[in-house]
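This is query-v2.txt (compact mmCIF, C-alpha atoms and all ligand atoms).
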```txt
# COMPACT_ATOMS: atom_id res chain seq x y z
CA MET V 1 0.00 0.00 0.00
CA ALA V 2 1.25 3.51 -0.88
CA TYR V 3 1.33 6.28 1.72
CA ASP V 4 1.84 10.03 1.35
CA THR V 5 3.68 10.61 4.64
CA LEU V 6 5.48 7.27 5.12
CA ILE V 7 7.84 5.03 3.21
CA VAL V 8 7.19 1.39 4.07
CA GLU V 9 9.35 -1.52 3.00
CA VAL V 10 9.12 -5.15 4.06
CA GLU V 11 12.30 -7.18 3.68
CA ASP V 12 13.52 -10.32 5.41
CA TYR V 13 10.58 -10.28 7.86
CA VAL V 14 11.23 -6.70 8.97
CA SER V 15 8.77 -3.92 8.21
CA LEU V 16 10.74 -0.68 8.00
CA ILE V 17 8.40 2.28 8.43
CA ARG V 18 10.02 5.63 7.74
CA LEU V 19 8.25 8.88 8.65
CA ASN V 20 8.52 11.06 5.56
CA ARG V 21 7.63 14.72 5.93
CA PRO V 22 11.15 16.14 5.46
CA ASP V 23 10.02 19.76 5.03
CA ALA V 24 8.43 19.72 8.49
CA LEU V 25 11.07 17.60 10.26
CA ASN V 26 8.53 14.75 10.22
CA ALA V 27 6.05 16.69 12.36
CA LEU V 28 3.11 14.43 13.13
CA ASN V 29 -0.04 15.68 11.43
CA SER V 30 -3.40 13.89 11.34
CA LYS V 31 -2.69 12.28 8.00
CA LEU V 32 0.68 10.90 9.13
CA MET V 33 -0.81 9.54 12.36
CA LYS V 34 -3.67 7.85 10.48
CA GLU V 35 -1.28 6.38 7.92
CA LEU V 36 1.07 5.23 10.67
CA ALA V 37 -1.73 3.51 12.57
CA SER V 38 -2.77 1.78 9.36
CA ALA V 39 0.83 0.77 8.50
CA VAL V 40 1.57 -0.76 11.91
CA GLN V 41 -1.75 -2.61 11.91
CA ALA V 42 -0.97 -4.00 8.45
CA ALA V 43 2.50 -5.08 9.64
CA ASP V 44 1.02 -6.70 12.75
CA ARG V 45 -1.28 -8.81 10.54
CA ASP V 46 1.33 -9.62 7.87
CA ASP V 47 2.79 -13.14 8.14
CA ASN V 48 5.91 -11.83 6.39
CA VAL V 49 6.62 -9.42 9.26
CA ARG V 50 8.14 -10.46 12.58
CA VAL V 51 9.60 -7.11 13.69
CA ILE V 52 8.66 -3.50 12.96
CA VAL V 53 11.29 -0.75 12.79
CA LEU V 54 10.03 2.79 13.05
CA THR V 55 12.38 5.56 11.97
CA GLY V 56 12.62 9.08 10.54
CA SER V 57 15.47 10.86 8.82
CA GLU V 58 19.00 11.57 9.96
CA LYS V 59 17.90 15.12 10.93
CA ALA V 60 14.67 14.22 12.71
CA PHE V 61 12.82 11.20 13.98
CA ALA V 62 9.93 13.65 14.49
CA ALA V 63 9.96 17.23 15.81
CA GLY V 64 6.59 16.78 17.50
CA ALA V 65 2.96 17.11 16.59
CA ASP V 66 2.35 19.52 13.72
CA VAL V 67 2.08 22.93 15.34
CA LYS V 68 0.78 24.51 12.11
CA GLU V 69 -2.12 22.06 12.07
CA MET V 70 -2.87 22.42 15.79
CA ALA V 71 -2.43 26.18 16.27
CA GLU V 72 -6.01 27.31 15.51
CA LYS V 73 -7.86 24.31 16.92
CA THR V 74 -10.34 24.85 19.74
CA PHE V 75 -10.96 22.70 22.80
CA THR V 76 -14.24 21.47 21.29
CA GLU V 77 -12.49 20.35 18.09
CA VAL V 78 -9.62 18.47 19.74
CA TYR V 79 -11.99 16.94 22.28
CA PHE V 80 -14.53 15.66 19.76
CA ASP V 81 -11.83 14.60 17.27
CA ASN V 82 -9.91 12.90 20.11
CA LEU V 83 -6.77 14.28 18.44
CA PHE V 84 -4.25 11.41 18.00
CA GLY V 85 -5.94 9.41 20.78
CA VAL V 86 -7.19 6.58 18.57
CA GLU V 87 -3.95 6.30 16.60
CA ALA V 88 -1.81 6.21 19.76
CA GLU V 89 -3.99 3.41 21.13
CA ILE V 90 -3.68 1.43 17.90
CA ILE V 91 0.12 1.75 17.94
CA GLY V 92 0.21 0.81 21.63
CA GLN V 93 -1.80 -2.34 20.93
CA VAL V 94 0.53 -3.75 18.26
CA ARG V 95 1.58 -7.24 19.38
CA LYS V 96 4.80 -7.65 17.39
CA PRO V 97 8.00 -5.98 18.61
CA ILE V 98 8.53 -2.38 17.49
CA ILE V 99 12.01 -0.83 17.55
CA ALA V 100 12.32 2.96 17.27
CA ALA V 101 15.51 3.98 15.44
CA VAL V 102 16.03 7.60 16.42
CA SER V 103 18.36 10.14 14.87
CA GLY V 104 18.19 13.92 15.25
CA TYR V 105 15.18 15.64 16.81
CA CYS V 106 12.81 13.44 18.77
CA LEU V 107 10.54 15.98 20.42
CA GLY V 108 7.07 16.25 21.89
CA GLY V 109 4.77 13.82 20.08
CA GLY V 110 7.89 12.40 18.38
CA CYS V 111 9.39 11.45 21.74
CA GLU V 112 6.01 10.04 22.80
CA LEU V 113 5.86 7.98 19.61
CA ALA V 114 9.37 6.62 20.25
CA MET V 115 8.30 5.70 23.80
CA LEU V 116 5.21 3.91 22.41
CA SER V 117 7.65 1.58 20.65
CA ASP V 118 9.14 -1.34 22.58
CA PHE V 119 12.66 0.01 22.75
CA ILE V 120 14.65 2.89 21.40
CA ILE V 121 18.01 2.68 19.63
CA ALA V 122 19.49 6.13 19.08
CA SER V 123 22.23 7.72 17.06
CA ASP V 124 24.78 9.93 18.77
CA THR V 125 23.02 12.94 17.20
CA ALA V 126 19.62 12.23 18.75
CA LYS V 127 17.97 14.91 20.87
CA PHE V 128 14.99 14.01 23.02
CA GLY V 129 12.62 16.51 24.57
CA GLN V 130 9.11 17.32 25.69
CA PRO V 131 9.06 21.05 24.84
CA GLU V 132 5.25 21.41 24.83
CA ILE V 133 5.49 23.85 27.74
CA ASN V 134 7.05 26.37 25.33
CA LEU V 135 3.81 26.28 23.32
CA GLY V 136 1.55 26.80 26.32
CA ILE V 137 0.37 23.17 26.41
CA VAL V 138 1.40 19.91 28.08
CA ALA V 139 2.31 16.58 26.50
CA GLY V 140 -0.78 14.78 25.20
CA MET V 141 0.28 11.35 23.93
CA GLY V 142 1.74 9.84 27.07
CA GLY V 143 4.80 12.03 27.66
CA THR V 144 4.19 12.87 31.31
CA GLN V 145 3.38 9.23 32.09
CA ARG V 146 5.83 7.23 29.98
CA LEU V 147 8.86 9.51 30.32
CA THR V 148 8.39 9.44 34.10
CA ARG V 149 8.37 5.64 34.07
CA PHE V 150 11.50 5.56 31.90
CA VAL V 151 13.64 8.19 33.64
CA GLY V 152 12.03 8.85 37.03
CA LYS V 153 10.15 11.83 38.42
CA SER V 154 13.03 14.27 38.84
CA LYS V 155 14.37 14.09 35.28
CA SER V 156 10.88 13.90 33.80
CA MET V 157 9.84 17.05 35.67
CA ASP V 158 13.05 18.74 34.51
CA MET V 159 12.35 17.81 30.87
CA HIS V 160 8.67 18.81 30.91
CA LEU V 161 9.06 21.98 33.00
CA THR V 162 12.10 23.44 31.22
CA GLY V 163 11.47 21.99 27.74
CA ARG V 164 15.20 21.26 27.45
CA PHE V 165 16.59 18.68 25.04
CA MET V 166 18.43 15.57 26.22
CA GLU V 167 21.37 14.24 24.19
CA SER V 168 21.57 10.53 23.44
CA ALA V 169 24.36 9.87 25.97
CA GLU V 170 22.17 11.17 28.80
CA ALA V 171 19.15 9.35 27.37
CA GLU V 172 21.09 6.07 27.43
CA ARG V 173 22.41 6.74 30.94
CA CYS V 174 18.92 7.26 32.34
CA GLY V 175 17.31 4.32 30.56
CA LEU V 176 15.23 6.07 27.90
CA VAL V 177 17.40 4.56 25.19
CA SER V 178 18.75 1.03 25.12
CA ARG V 179 21.81 1.57 22.88
CA VAL V 180 23.55 4.40 21.00
CA PHE V 181 25.45 4.12 17.69
CA PRO V 182 27.25 6.65 15.48
CA ALA V 183 24.66 8.25 13.14
CA LYS V 184 26.23 6.71 10.01
CA ASP V 185 25.86 3.19 11.47
CA LEU V 186 22.42 3.55 13.04
CA MET V 187 20.25 1.79 10.47
CA THR V 188 22.79 -1.02 9.85
CA GLU V 189 22.99 -1.71 13.56
CA VAL V 190 19.22 -1.50 14.06
CA MET V 191 18.66 -3.93 11.19
CA LYS V 192 21.15 -6.34 12.82
CA ILE V 193 19.16 -6.09 16.05
CA ALA V 194 15.90 -6.63 14.16
CA ASP V 195 17.41 -9.69 12.41
CA LYS V 196 18.33 -11.17 15.80
CA ILE V 197 14.70 -10.89 16.88
CA VAL V 198 13.47 -12.27 13.53
CA GLU V 199 15.38 -15.50 14.30
CA LYS V 200 13.42 -16.12 17.52
CA SER V 201 10.05 -17.78 17.82
CA LEU V 202 7.42 -15.12 17.19
CA LEU V 203 5.37 -16.76 19.95
CA SER V 204 8.19 -16.03 22.39
CA SER V 205 8.75 -12.48 21.11
CA MET V 206 5.08 -11.63 21.50
CA ALA V 207 4.94 -13.26 24.93
CA VAL V 208 8.00 -11.28 26.06
CA LYS V 209 6.35 -8.08 24.89
CA GLU V 210 3.16 -8.86 26.81
CA CYS V 211 5.06 -9.75 29.99
CA VAL V 212 7.43 -6.76 30.00
CA ASN V 213 4.59 -4.35 29.24
CA ARG V 214 2.61 -5.88 32.10
CA ALA V 215 5.43 -4.75 34.42
CA GLN V 216 4.40 -1.16 33.77
CA GLU V 217 0.69 -1.77 34.24
CA THR V 218 0.33 -3.81 37.39
CA THR V 219 1.69 -4.74 40.81
CA LEU V 220 4.80 -6.92 41.15
CA ALA V 221 2.75 -9.85 42.53
CA GLU V 222 0.26 -9.72 39.64
CA GLY V 223 3.07 -9.28 37.13
CA LEU V 224 4.97 -12.28 38.50
CA LEU V 225 1.84 -14.41 38.35
CA PHE V 226 1.15 -13.29 34.78
CA GLU V 227 4.74 -14.11 33.78
CA ARG V 228 4.60 -17.55 35.42
CA ARG V 229 1.35 -18.41 33.61
CA VAL V 230 2.85 -17.34 30.28
CA PHE V 231 6.02 -19.32 31.07
CA HIS V 232 3.92 -22.45 31.79
CA ALA V 233 1.93 -21.88 28.60
CA MET V 234 5.09 -21.88 26.47
CA PHE V 235 5.43 -25.62 27.24
CA ALA V 236 2.37 -26.18 25.04
CA THR V 237 4.34 -24.96 22.02
CA GLU V 238 6.45 -26.90 19.52
CA ASP V 239 8.97 -24.04 19.63
CA GLN V 240 9.76 -24.80 23.28
CA LYS V 241 10.48 -28.44 22.35
CA GLU V 242 12.59 -27.31 19.38
CA GLY V 243 14.48 -24.63 21.34
CA MET V 244 15.46 -27.00 24.13
CA ALA V 245 16.22 -29.92 21.81
CA ALA V 246 18.46 -27.66 19.69
CA PHE V 247 20.34 -26.55 22.80
CA LEU V 248 20.92 -30.15 23.90
CA GLU V 249 21.92 -31.22 20.38
CA LYS V 250 24.29 -28.20 20.11
CA ARG V 251 22.65 -26.82 16.94
CA GLN V 252 20.71 -23.70 15.96
CA PRO V 253 16.93 -23.96 16.63
CA GLN V 254 14.50 -23.88 13.71
CA PHE V 255 11.47 -22.14 15.16
CA ARG V 256 8.15 -22.53 13.32
CA ASP V 257 5.91 -20.28 15.44
CA LYS V 258 3.90 -23.31 16.55
N1 LIG V 301 5.27 21.33 13.66
C1 LIG V 301 5.20 21.88 12.44
N2 LIG V 301 6.31 22.24 11.74
C2 LIG V 301 7.49 22.04 12.31
C3 LIG V 301 7.62 21.45 13.59
C4 LIG V 301 6.43 21.08 14.28
N3 LIG V 301 6.45 20.48 15.49
N4 LIG V 301 8.93 21.39 13.89
C5 LIG V 301 9.59 21.91 12.83
N5 LIG V 301 8.73 22.31 11.88
C6 LIG V 301 9.01 22.91 10.59
C7 LIG V 301 9.42 24.37 10.77
O1 LIG V 301 8.28 25.20 10.89
C8 LIG V 301 10.18 24.62 9.47
O2 LIG V 301 9.25 24.79 8.43
P1 LIG V 301 9.33 26.10 7.45
O3 LIG V 301 9.32 27.25 8.34
O4 LIG V 301 10.65 25.88 6.72
O5 LIG V 301 8.14 25.93 6.56
C9 LIG V 301 10.88 23.28 9.23
O6 LIG V 301 10.15 22.32 9.98
C10 LIG V 301 12.32 23.25 9.72
O7 LIG V 301 12.31 23.67 11.07
P2 LIG V 301 13.28 24.82 11.64
O8 LIG V 301 13.57 25.82 10.56
O9 LIG V 301 12.67 25.32 12.89
O10 LIG V 301 14.59 23.96 11.90
P3 LIG V 301 15.72 24.25 12.99
O11 LIG V 301 16.78 23.25 12.69
O12 LIG V 301 16.08 25.68 13.07
O13 LIG V 301 15.05 23.89 14.40
C11 LIG V 301 13.74 22.48 15.93
C12 LIG V 301 14.65 22.54 14.68
C13 LIG V 301 13.25 21.04 16.06
C14 LIG V 301 14.54 22.85 17.18
C15 LIG V 301 12.57 23.48 15.76
O14 LIG V 301 11.97 23.24 14.49
C16 LIG V 301 11.51 23.31 16.81
O15 LIG V 301 11.66 23.79 17.93
N6 LIG V 301 10.38 22.66 16.43
C17 LIG V 301 9.22 22.54 17.30
C18 LIG V 301 9.48 21.52 18.36
C19 LIG V 301 8.26 21.38 19.29
O16 LIG V 301 7.87 22.37 19.93
N7 LIG V 301 7.71 20.19 19.34
C20 LIG V 301 6.55 19.93 20.19
C21 LIG V 301 5.31 20.18 19.40
S1 LIG V 301 3.84 19.96 20.39
C22 LIG V 301 -1.78 14.88 21.57
C23 LIG V 301 -0.75 14.12 21.20
C24 LIG V 301 0.50 14.68 20.98
C25 LIG V 301 0.69 16.02 21.12
C26 LIG V 301 -0.37 16.79 21.47
C27 LIG V 301 -1.62 16.23 21.70
N8 LIG V 301 -3.06 14.30 21.86
C28 LIG V 301 -3.21 12.81 21.79
C29 LIG V 301 -4.16 15.02 22.34
C30 LIG V 301 2.00 16.57 20.88
C31 LIG V 301 2.29 17.85 20.92
C32 LIG V 301 3.60 18.29 20.41
O17 LIG V 301 4.42 17.54 19.96
```

Starting from the file, lay out its structure as structure tokens.
Ligand code: DAK
Amino acid sequence: MAYDTLIVEVEDYVSLIRLNRPDALNALNSKLMKELASAVQAADRDDNVRVIVLTGSEKAFAAGADVKEMAEKTFTEVYFDNLFGVEAEIIGQVRKPIIAAVSGYCLGGGCELAMLSDFIIASDTAKFGQPEINLGIVAGMGGTQRLTRFVGKSKSMDMHLTGRFMESAEAERCGLVSRVFPAKDLMTEVMKIADKIVEKSLLSSMAVKECVNRAQETTLAEGLLFERRVFHAMFATEDQKEGMAAFLEKRQPQFRDK
């Protein structure tokens, strides 16, 4: 399917979704968010996709929601339209792993979109921020909640109250980002990471995603119980038999998602 604001390629079981509004530093407008929701849903349903990589350009992952589009909107309009609410929920409900590959500006809604992914790999040029306060608003797609869970209250308050940008080294140090690579190597390294996940059983990848996400939604006791039930359930799969047999036979497993 062709999109106006995205470039989507599926190769070797990886769906690479590139935000493509270069003139606006990939600012998220309604069309882009609708197309993105549709692209991730299509990837989630596609048997030829096992991992989704979400990226932007070298200059910007996304510089936030589109201020030009939002500037004149009224409360009534954004409330009735539920601006970006539906799309954010769709992206948050994707069951396959999503990696955000971030270079350059990753601000406001862009930072929130990266945090909606399962983990963030950044280039050494990445700049993260929640500068909504400079526009007389607050974050609206999870920024105050997710950034606080990633980096803690103090740093989250600092980011939201001052609107400052955080370089990738600091983002890695405080746990927002899992790894940092030189900008020129970012996509090669991210594709290597995606390929590693492609090799696993998709049943296991999806189960991992459910379990880790549960850690942010529930108490430790409930989360541990959920994990144990999922762990027990994996013994009903052929991939568990194959994975353990392959280990004992000192060979690579051939997972079949069964
Ligand atoms: N929106 C629209 N256009 C943008 C943009 C944005 N967020 N960011 C950049 N652009 C456009 C610029 O207007 C400029 O376009 P022209 O003037 O050439 O037509 C072009 O991209 C290049 O930008 P600059 O000339 O400014 O480039 P610089 O390198 O000088 O500066 C910058 C880069 C990223 C520091 C600067 O562009 C900047 O500060 N951008 C705005 C960053 C920002 O404030 N982001 C937060 C936006 S508010 C919600 C969900 C989400 C949200 C809200 C509600 N709901 C679910 C309810 C999210 C809100 C936000 O993200």

Proximity check chain V to ligand LIG 301 (chain V), 6 Å, nearest pairs one decimal Å, only C-alpha atoms and all ligand atoms, as a tab-separated table:
```
residue	atom	partner	partner_atom	distance
V:Asp23	CA	V:LIG301	C9	5.5
V:Ala24	CA	V:LIG301	O6	3.5
V:Leu25	CA	V:LIG301	O6	4.8
V:Ala27	CA	V:LIG301	C4	4.8
V:Ala63	CA	V:LIG301	N4	4.7
V:Gly64	CA	V:LIG301	O17	3.4
V:Ala65	CA	V:LIG301	O17	3.7
V:Asp66	CA	V:LIG301	N1	3.4
V:Val67	CA	V:LIG301	N1	3.9
V:Lys68	CA	V:LIG301	C1	5.2
V:Leu83	CA	V:LIG301	C29	4.8
V:Phe84	CA	V:LIG301	C28	4.2
V:Gly85	CA	V:LIG301	C28	4.5
V:Tyr105	CA	V:LIG301	C13	5.8
V:Leu107	CA	V:LIG301	N7	5.2
V:Gly108	CA	V:LIG301	O17	3.5
V:Gly109	CA	V:LIG301	O17	3.7
V:Pro131	CA	V:LIG301	O16	5.2
V:Glu132	CA	V:LIG301	S1	4.9
V:Ala139	CA	V:LIG301	C30	5.6
V:Gly140	CA	V:LIG301	C22	3.8
V:Met141	CA	V:LIG301	C23	4.0
```

Q: Rank V:Ile90, V:Asp118, V:Val138, V:Asp47 by their smallest atom-to-atom distance to V:Arg256, using only C-alpha atoms, and report the top residue only.
A: V:Asp47

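Among the candidates V:Lys96, V:Arg149, V:Lys192, V:Lys127, the residue lying nearest to V:Glu170 is V:Lys127 (atoms considered: all atoms listed in the file).
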
Each residue of stretch 141-233 of chain V lying at most 9 Å from stretch 55-59 of chain V should get a row with its shortest atom-to-atom pair and the distance in Å to one decimal, counting all atoms listed in the file; could you produce that, ordered by chain and increasing number, as a tab-separated table?
```
residue	atom	partner	partner_atom	distance
V:Ala183	CA	V:Glu58	CA	7.3
V:Lys184	CA	V:Glu58	CA	8.7
V:Met187	CA	V:Thr55	CA	8.9
```

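Of the listed residues (V:Ile193, V:Ala215, V:Asp46, V:Cys111), V:Cys111 comes nearest to V:Phe165; the distances count all atoms listed in the file.
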
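Interatomic distance, atom CA of V:Gly92 to atom CA of V:Leu116: 5.9 Å.
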
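Using all atoms listed in the file, the smallest distance between any of V:Val177, V:Ala2, V:Ala42, V:Val53 and V:Val198 comes from V:Val53.
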